[in-house]
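The file upload-v5.cif contains mmCIF, C-alpha atoms and all ligand atoms:
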data_start
#
loop_
_atom_site.label_atom_id
_atom_site.label_comp_id
_atom_site.auth_asym_id
_atom_site.auth_seq_id
_atom_site.Cartn_x
_atom_site.Cartn_y
_atom_site.Cartn_z
CA MET A 18 -11.27 -8.69 -18.30
CA ALA A 19 -8.80 -8.58 -15.44
CA ARG A 20 -9.48 -8.26 -11.73
CA TYR A 21 -6.94 -6.87 -9.27
CA ILE A 22 -7.10 -6.38 -5.53
CA HIS A 23 -5.30 -3.42 -4.00
CA MET A 24 -4.66 -3.81 -0.28
CA SER A 25 -2.42 -1.77 1.97
CA ASP A 26 -1.40 -1.08 5.56
CA LEU A 27 -1.94 -4.60 6.88
CA HIS A 28 -0.01 -3.64 10.03
CA PHE A 29 0.53 -7.07 11.51
CA TRP A 30 1.57 -6.35 15.10
CA GLN A 31 3.38 -7.69 18.12
CA VAL A 32 3.76 -5.99 21.49
CA VAL A 33 7.48 -6.01 22.33
CA ARG A 34 8.26 -6.88 26.00
CA ASN A 35 12.08 -6.99 25.78
CA PRO A 36 13.35 -3.50 26.81
CA LEU A 37 16.57 -4.01 24.82
CA LYS A 38 14.49 -4.00 21.65
CA LEU A 39 12.95 -0.68 22.60
CA LEU A 40 16.05 1.49 22.48
CA ASN A 41 14.97 3.24 19.28
CA LYS A 42 11.87 4.60 17.55
CA ARG A 43 10.16 1.29 18.36
CA ALA A 44 9.59 2.57 21.92
CA LEU A 45 7.12 5.08 20.45
CA GLY A 46 5.45 2.58 18.14
CA ASN A 47 5.20 0.03 20.95
CA LEU A 48 3.55 2.53 23.28
CA ASN A 49 1.09 3.41 20.54
CA LEU A 50 0.37 -0.32 20.12
CA LEU A 51 -0.17 -0.86 23.86
CA LEU A 52 -2.49 2.11 24.19
CA ARG A 53 -4.45 2.04 20.92
CA ARG A 54 -3.46 0.13 17.85
CA ARG A 55 -3.75 -3.44 19.13
CA HIS A 56 -7.44 -2.79 19.79
CA GLN A 57 -7.92 -1.24 16.34
CA ILE A 58 -6.14 -3.71 14.05
CA LYS A 59 -8.06 -6.98 13.73
CA THR A 60 -5.58 -9.24 11.95
CA GLU A 61 -7.74 -12.21 13.04
CA ARG A 62 -9.91 -11.26 10.04
CA ALA A 63 -7.24 -12.65 7.71
CA THR A 64 -8.72 -16.16 7.52
CA GLY A 65 -12.22 -14.96 6.61
CA LEU A 66 -10.75 -12.58 4.06
CA LEU A 67 -8.80 -15.37 2.36
CA ASP A 68 -11.99 -17.42 2.10
CA LEU A 69 -13.75 -14.47 0.45
CA LEU A 70 -10.88 -13.80 -1.99
CA LYS A 71 -10.87 -17.46 -3.08
CA GLY A 72 -14.29 -16.87 -4.68
CA LEU A 73 -13.35 -13.74 -6.66
CA GLU A 74 -11.11 -15.04 -9.50
CA ILE A 75 -8.30 -12.56 -8.99
CA ASP A 76 -5.51 -11.96 -11.49
CA ALA A 77 -3.08 -10.23 -9.11
CA PHE A 78 -2.77 -8.69 -5.65
CA LEU A 79 -1.21 -5.23 -5.47
CA VAL A 80 0.06 -4.71 -1.92
CA GLY A 81 0.95 -1.16 -0.87
CA GLY A 82 3.20 -1.75 2.14
CA ASP A 83 3.06 -1.18 5.91
CA LEU A 84 2.89 -4.94 6.31
CA THR A 85 4.11 -4.54 9.90
CA THR A 86 3.83 -2.03 12.75
CA THR A 87 7.35 -1.76 14.20
CA ALA A 88 9.19 -4.05 11.73
CA THR A 89 9.99 -6.91 14.17
CA GLU A 90 10.88 -10.45 13.05
CA GLU A 91 7.58 -11.78 14.42
CA GLU A 92 5.50 -9.18 12.57
CA PHE A 93 7.30 -9.98 9.31
CA ARG A 94 6.71 -13.71 9.92
CA GLN A 95 2.96 -13.08 10.23
CA ALA A 96 2.94 -10.85 7.14
CA ALA A 97 4.95 -13.31 5.03
CA ASP A 98 2.63 -16.12 6.06
CA PHE A 99 -0.37 -14.08 4.87
CA LEU A 100 1.28 -13.03 1.58
CA GLY A 101 2.20 -16.69 1.03
CA GLN A 102 -1.46 -17.64 1.31
CA LEU A 103 -2.43 -14.86 -1.13
CA THR A 104 0.20 -16.14 -3.56
CA GLU A 105 -1.63 -19.49 -3.69
CA LEU A 106 -4.56 -17.56 -5.20
CA ALA A 107 -2.72 -15.13 -7.54
CA PRO A 108 0.67 -13.42 -7.89
CA VAL A 109 1.46 -10.75 -5.32
CA TYR A 110 3.25 -7.45 -6.18
CA LEU A 111 4.55 -5.51 -3.19
CA VAL A 112 6.02 -2.08 -2.43
CA PRO A 113 7.43 -1.20 1.01
CA GLY A 114 5.75 1.14 3.49
CA ASN A 115 7.40 3.29 6.15
CA HIS A 116 6.47 0.79 8.89
CA ASP A 117 8.40 -1.94 7.03
CA VAL A 118 11.59 0.08 7.52
CA TYR A 119 10.39 1.50 10.84
CA THR A 120 13.79 1.62 12.55
CA PHE A 121 17.27 2.09 11.10
CA GLU A 122 18.09 -1.28 12.72
CA SER A 123 15.34 -3.05 10.73
CA ARG A 124 16.66 -1.39 7.56
CA ARG A 125 20.26 -2.37 8.32
CA LYS A 126 19.25 -5.98 8.93
CA GLU A 127 17.19 -5.93 5.69
CA ARG A 128 14.32 -7.60 7.49
CA LEU A 129 11.83 -6.66 4.77
CA GLU A 130 14.00 -8.27 2.06
CA LYS A 131 14.66 -11.33 4.26
CA TYR A 132 10.95 -12.14 4.61
CA CYS A 133 9.43 -10.56 1.49
CA PHE A 134 12.14 -10.86 -1.17
CA TYR A 135 9.86 -12.96 -3.33
CA TRP A 136 7.21 -10.22 -3.69
CA LEU A 137 9.43 -7.14 -3.99
CA PRO A 138 10.53 -5.66 -7.34
CA VAL A 139 13.88 -6.89 -8.65
CA GLU A 140 14.97 -3.28 -9.21
CA GLU A 141 14.97 -0.97 -6.20
CA GLY A 142 13.51 2.49 -6.77
CA CYS A 143 11.01 2.01 -9.56
CA SER A 144 10.26 -0.62 -12.17
CA VAL A 145 7.61 -1.82 -14.61
CA ASP A 146 6.07 -5.31 -14.77
CA ARG A 147 3.37 -6.74 -16.98
CA LEU A 148 0.52 -8.05 -14.86
CA PRO A 149 -1.51 -11.13 -15.75
CA GLY A 150 -4.43 -9.63 -17.67
CA ASP A 151 -2.10 -7.49 -19.80
CA VAL A 152 -1.92 -4.35 -17.68
CA ALA A 153 1.37 -2.55 -16.95
CA LEU A 154 2.33 -2.09 -13.29
CA LEU A 155 4.71 0.71 -12.31
CA ARG A 156 6.06 0.22 -8.79
CA ILE A 157 7.58 3.24 -7.04
CA SER A 158 9.56 3.08 -3.81
CA THR A 159 8.52 5.89 -1.45
CA ALA A 160 9.45 4.62 2.05
CA ARG A 161 12.57 5.12 4.14
CA PRO A 162 13.43 5.01 7.87
CA ASN A 163 13.21 8.20 9.96
CA TRP A 164 14.20 8.97 13.54
CA ILE A 165 10.81 10.34 14.58
CA SER A 166 8.57 11.31 11.67
CA SER A 167 6.71 9.16 9.09
CA ARG A 168 7.93 11.08 6.09
CA GLY A 169 8.45 9.37 2.76
CA HIS A 170 10.95 9.99 0.00
CA VAL A 171 11.40 8.95 -3.63
CA PRO A 172 15.06 8.26 -4.45
CA PRO A 173 16.25 10.91 -6.99
CA GLU A 174 17.62 8.19 -9.28
CA ALA A 175 14.14 6.61 -9.36
CA LEU A 176 12.59 9.97 -10.27
CA ALA A 177 15.10 10.34 -13.10
CA LEU A 178 14.13 6.93 -14.50
CA LEU A 179 10.39 7.57 -14.45
CA PRO A 180 9.94 9.44 -17.78
CA ASP A 181 11.42 6.45 -19.64
CA LEU A 182 9.47 3.90 -17.60
CA LEU A 183 6.24 5.73 -18.46
CA GLN A 184 6.93 4.92 -22.11
CA GLU A 185 7.08 1.15 -21.47
CA GLU A 186 4.25 -1.26 -22.36
CA LYS A 187 2.65 1.42 -24.56
CA GLY A 188 -0.91 0.66 -25.60
CA LYS A 189 -1.71 -0.94 -22.24
CA VAL A 190 -3.46 0.47 -19.21
CA MET A 191 -0.82 1.42 -16.63
CA ILE A 192 -1.35 1.24 -12.87
CA ALA A 193 1.17 2.79 -10.46
CA LEU A 194 1.66 1.28 -7.00
CA ALA A 195 3.32 3.21 -4.17
CA HIS A 196 2.89 3.59 -0.42
CA TYR A 197 2.46 7.37 -0.11
CA PRO A 198 -0.26 9.31 -1.94
CA VAL A 199 1.09 11.79 -4.44
CA ILE A 200 -1.63 14.37 -3.64
CA PRO A 201 -0.83 15.77 -0.17
CA GLU A 202 -4.35 16.86 0.74
CA THR A 203 -7.86 15.88 -0.36
CA GLU A 204 -11.36 16.05 1.17
CA ALA A 205 -10.66 12.66 2.73
CA TYR A 206 -7.24 13.25 4.34
CA VAL A 207 -4.45 15.72 5.06
CA MET A 208 -0.96 14.24 5.30
CA GLY A 209 0.87 17.23 6.79
CA LEU A 210 4.61 17.80 6.88
CA ASN A 211 5.36 15.00 9.32
CA ARG A 212 3.57 12.24 7.45
CA GLY A 213 3.85 13.36 3.83
CA LEU A 214 6.03 12.45 0.88
CA GLY A 215 9.19 14.59 1.01
CA ASN A 216 9.62 15.14 -2.72
CA GLY A 217 6.02 14.31 -3.57
CA GLY A 218 5.62 17.47 -5.66
CA ALA A 219 8.39 16.33 -8.01
CA LEU A 220 6.89 12.83 -8.28
CA ARG A 221 3.43 14.24 -8.99
CA ARG A 222 4.79 16.53 -11.70
CA THR A 223 6.85 13.77 -13.32
CA LEU A 224 3.86 11.42 -13.44
CA GLY A 225 1.43 14.17 -14.46
CA GLU A 226 3.61 15.42 -17.30
CA GLY A 227 4.66 11.96 -18.45
CA GLY A 228 2.17 11.86 -21.32
CA ARG A 229 0.46 8.75 -20.00
CA SER A 230 -2.88 8.27 -18.24
CA LEU A 231 -2.27 6.59 -14.95
CA LEU A 232 -4.19 5.09 -12.05
CA TYR A 233 -2.01 5.73 -8.97
CA LEU A 234 -2.70 3.41 -5.99
CA ALA A 235 -1.55 4.38 -2.51
CA GLY A 236 -2.14 3.61 1.16
CA HIS A 237 -0.57 5.25 4.22
CA VAL A 238 -3.48 7.59 5.04
CA HIS A 239 -5.73 4.66 6.09
CA VAL A 240 -8.88 6.00 4.39
CA TYR A 241 -10.57 5.41 1.06
CA SER A 242 -10.41 8.24 -1.46
CA HIS A 243 -10.57 8.50 -5.22
CA LEU A 244 -10.07 11.58 -7.32
CA GLN A 245 -8.72 12.93 -10.53
CA ASP A 246 -5.70 15.14 -9.85
CA PRO A 247 -6.87 18.76 -10.26
CA LEU A 248 -3.36 19.78 -11.40
CA TYR A 249 -2.74 16.85 -13.76
CA PRO A 250 -6.01 15.42 -15.15
CA SER A 251 -4.25 12.38 -16.66
CA LEU A 252 -3.58 11.19 -13.10
CA GLU A 253 -6.25 9.33 -11.07
CA GLN A 254 -5.41 8.55 -7.45
CA ILE A 255 -6.99 6.00 -5.15
CA THR A 256 -6.06 5.55 -1.50
CA THR A 257 -7.14 2.29 0.09
CA PRO A 258 -7.88 1.93 3.85
CA ALA A 259 -5.79 -0.07 6.30
CA LEU A 260 -6.89 -3.65 5.58
CA PHE A 261 -7.69 -4.84 9.11
CA TYR A 262 -8.57 -1.52 10.78
CA ASP A 263 -11.58 -1.35 13.05
CA LYS A 264 -12.23 2.33 13.83
CA SER A 265 -15.60 3.97 13.32
CA ASP A 266 -14.06 6.82 11.28
CA LYS A 267 -11.54 4.56 9.56
CA PRO A 268 -13.05 1.14 8.81
CA GLY A 269 -10.81 -1.51 7.29
CA GLY A 270 -11.10 -2.34 3.62
CA PHE A 271 -9.53 -3.08 0.27
CA THR A 272 -10.19 -2.02 -3.33
CA GLU A 273 -11.23 -4.23 -6.22
CA ILE A 274 -10.26 -2.96 -9.68
CA VAL A 275 -11.78 -4.49 -12.78
CA VAL A 276 -10.12 -3.61 -16.10
CA GLU A 277 -11.87 -4.12 -19.41
CA GLY A 278 -10.10 -2.54 -22.37
CA SER A 279 -9.41 1.05 -21.30
CA GLU A 280 -12.28 1.08 -18.76
CA LEU A 281 -11.59 0.60 -15.09
CA GLU A 282 -14.32 -0.11 -12.59
CA ILE A 283 -13.46 0.66 -8.99
CA ARG A 284 -15.19 -1.32 -6.26
CA PRO A 285 -14.23 -0.45 -2.69
CA TRP A 286 -14.88 -3.03 0.05
CA VAL A 287 -15.13 -2.32 3.77
CA PHE A 288 -15.50 -4.47 6.86
CA ASP A 289 -18.77 -3.82 8.66
CA GLN A 290 -19.78 -6.98 10.55
CA GLY A 291 -18.40 -8.79 7.49
CA TRP A 292 -16.71 -7.84 4.20
CA GLN A 293 -18.97 -5.95 1.82
CA ARG A 294 -18.78 -3.92 -1.37
CA VAL A 295 -19.83 -0.30 -0.90
CA THR A 296 -20.37 2.84 -2.90
CA ALA A 297 -17.81 5.15 -1.38
CA VAL A 298 -18.51 8.81 -0.72
CA HIS A 299 -15.28 9.91 -2.39
CA SER A 300 -15.54 7.46 -5.27
CA ARG A 301 -15.71 8.21 -8.99
CA ASN A 302 -16.45 4.49 -9.53
CA LYS A 303 -15.89 4.22 -13.25
CA ILE A 304 -12.95 5.81 -15.03
CA SER A 305 -11.61 5.55 -18.53
CA LEU A 306 -7.89 5.77 -19.12
CA SER A 307 -6.79 6.87 -22.56
CA PHE A 308 -3.54 5.41 -23.85
FE FE B 1 -0.03 2.57 7.67
FE FE B 2 2.51 4.35 6.16
#
Will you turn the file into structure tokens for me?
Amino acid sequence: MARYIHMSDLHFWQVVRNPLKLLNKRALGNLNLLLRRRHQIKTERATGLLDLLKGLEIDAFLVGGDLTTTATEEEFRQAADFLGQLTELAPVYLVPGNHDVYTFESRRKERLEKYCFYWLPVEEGCSVDRLPGDVALLRISTARPNWISSRGHVPPEALALLPDLLQEEKGKVMIALAHYPVIPETEAYVMGLNRGLGNGGALRRTLGEGGRSLLYLAGHVHVYSHLQDPLYPSLEQITTPALFYDKSDKPGGFTEIVVEGSELEIRPWVFDQGWQRVTAVHSRNKISLSF
């Protein structure tokens, strides 16, 4: 048996006061922080969460990106400190989110790599690792900087590699980890043009026609959802909420995944006056991946 924790959209935040640092898209993100987000993202819950996770015997943490809010040095310092504490419990596997490359300046300075090098895949684009517990992990890069929008993109060279990567670690359950959902619209969320994955249709088709059952883990939409892809039944997708969110319609949470043979049990957690396991409305709870 192996137990994994999927968490995403941690959104560590810092209000920027220096106007020189606001001469880009960060001005928008900072305004959003001042008006709304700082009241909705309770990163002070990190300590209690670490105490809870210590008792769960976890084999690996799968972290879906958006570690920061406007990709400042201070936000990355907070995020790296938290990931460091997770690493003391179990290995951490990370993919970037759009807020980790929020401005072209943060991308140019490679701030994400500077603070999070240790947890990122060696290969950019997409790659396969073997997780403790003998499960294959396919990481797919879907984030890039934009002037205004929050659109994602899979590099074409990564897409071209995917059919071969889907053949790796045959005979094992395979989990895919990315920031953007591959299904643009479900009962639980609608991404829309501005927030969606640019070439998501091509990614979905490549994964769906790859001849391999796959559990695809994403964040970005900040709500829990779980469904079998109606177009490609071999594809199961879970979106996990923003970890520290505190909104009545979007409570914070993470997803526990227990793998036993080819059976996967999905246990969503939310924060409601404390961390608790719930039966989610959009959950299928128990799935079986054939391989
Ligand atoms: Fe996010
Ligand atoms: Fe995002």
### Task
Might you pull out every residue within 10 Å of Arg62 (chain A), with only C-alpha atoms counted and same-chain residues fewer than 4 positions away left off, and present them as a PyMOL selection string?
chain A and resi 58+66-67+260-262+288+291-292
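Inspection of the environment of ligand FE 2 (chain B), which uses all atoms listed in the file and a cut-off of 7 Å, identifies the neighbouring residues as Asp26, Asp83, Gly114, Asn115, His116, His196, Tyr197, Gly236, His237 and Val238 of chain A.
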What would the file look like if the residues just selected were written as a short mmCIF file (atom, residue, chain, number, x, y, z; two decimals), in the coordinates of the input with C-alpha atoms?
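Result file selection.cif:
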data_model
loop_
_atom_site.label_atom_id
_atom_site.label_comp_id
_atom_site.auth_asym_id
_atom_site.auth_seq_id
_atom_site.Cartn_x
_atom_site.Cartn_y
_atom_site.Cartn_z
CA ASP A 26 -1.40 -1.08 5.56
CA ASP A 83 3.06 -1.18 5.91
CA GLY A 114 5.75 1.14 3.49
CA ASN A 115 7.40 3.29 6.15
CA HIS A 116 6.47 0.79 8.89
CA HIS A 196 2.89 3.59 -0.42
CA TYR A 197 2.46 7.37 -0.11
CA GLY A 236 -2.14 3.61 1.16
CA HIS A 237 -0.57 5.25 4.22
CA VAL A 238 -3.48 7.59 5.04
#
Considering all atoms listed in the file, give me a table of residues in chain A that are at most 12 Å from ligand FE 1 (chain B), with the closest atom pair and distance in Å for each, as a tab-separated table.
residue	atom	partner	partner_atom	distance
A:Met24	CA	B:FE1	FE	11.2
A:Ser25	CA	B:FE1	FE	7.6
A:Asp26	CA	B:FE1	FE	4.4
A:Leu27	CA	B:FE1	FE	7.5
A:His28	CA	B:FE1	FE	6.6
A:Phe29	CA	B:FE1	FE	10.4
A:Trp30	CA	B:FE1	FE	11.7
A:Gly46	CA	B:FE1	FE	11.8
A:Arg54	CA	B:FE1	FE	11.0
A:Ile58	CA	B:FE1	FE	10.8
A:Gly81	CA	B:FE1	FE	9.4
A:Gly82	CA	B:FE1	FE	7.7
A:Asp83	CA	B:FE1	FE	5.2
A:Leu84	CA	B:FE1	FE	8.2
A:Thr85	CA	B:FE1	FE	8.5
A:Thr86	CA	B:FE1	FE	7.9
A:Thr87	CA	B:FE1	FE	10.8
A:Pro113	CA	B:FE1	FE	10.7
A:Gly114	CA	B:FE1	FE	7.3
A:Asn115	CA	B:FE1	FE	7.6
A:His116	CA	B:FE1	FE	6.8
A:Asp117	CA	B:FE1	FE	9.6
A:Val118	CA	B:FE1	FE	11.9
A:Tyr119	CA	B:FE1	FE	10.9
A:Ala160	CA	B:FE1	FE	11.2
A:Ser167	CA	B:FE1	FE	9.5
A:Arg168	CA	B:FE1	FE	11.8
A:Gly169	CA	B:FE1	FE	11.9
A:His196	CA	B:FE1	FE	8.7
A:Tyr197	CA	B:FE1	FE	9.5
A:Pro198	CA	B:FE1	FE	11.7
A:Met208	CA	B:FE1	FE	11.9
A:Arg212	CA	B:FE1	FE	10.3
A:Ala235	CA	B:FE1	FE	10.5
A:Gly236	CA	B:FE1	FE	6.9
A:His237	CA	B:FE1	FE	4.4
A:Val238	CA	B:FE1	FE	6.6
A:His239	CA	B:FE1	FE	6.3
A:Val240	CA	B:FE1	FE	10.0
A:Thr256	CA	B:FE1	FE	11.4
A:Thr257	CA	B:FE1	FE	10.4
A:Pro258	CA	B:FE1	FE	8.8
A:Ala259	CA	B:FE1	FE	6.5
A:Leu260	CA	B:FE1	FE	9.5
A:Phe261	CA	B:FE1	FE	10.8
A:Tyr262	CA	B:FE1	FE	10.0
A:Lys267	CA	B:FE1	FE	11.8
A:Gly269	CA	B:FE1	FE	11.5
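Here CA of Val190 (chain A) and CA of Ser144 (chain A) stand 15.5 Å from one another.
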### Query
In Å to one decimal, how far is CA of Gly270 (chain A) from CA of Trp286 (chain A)?
5.2 Å
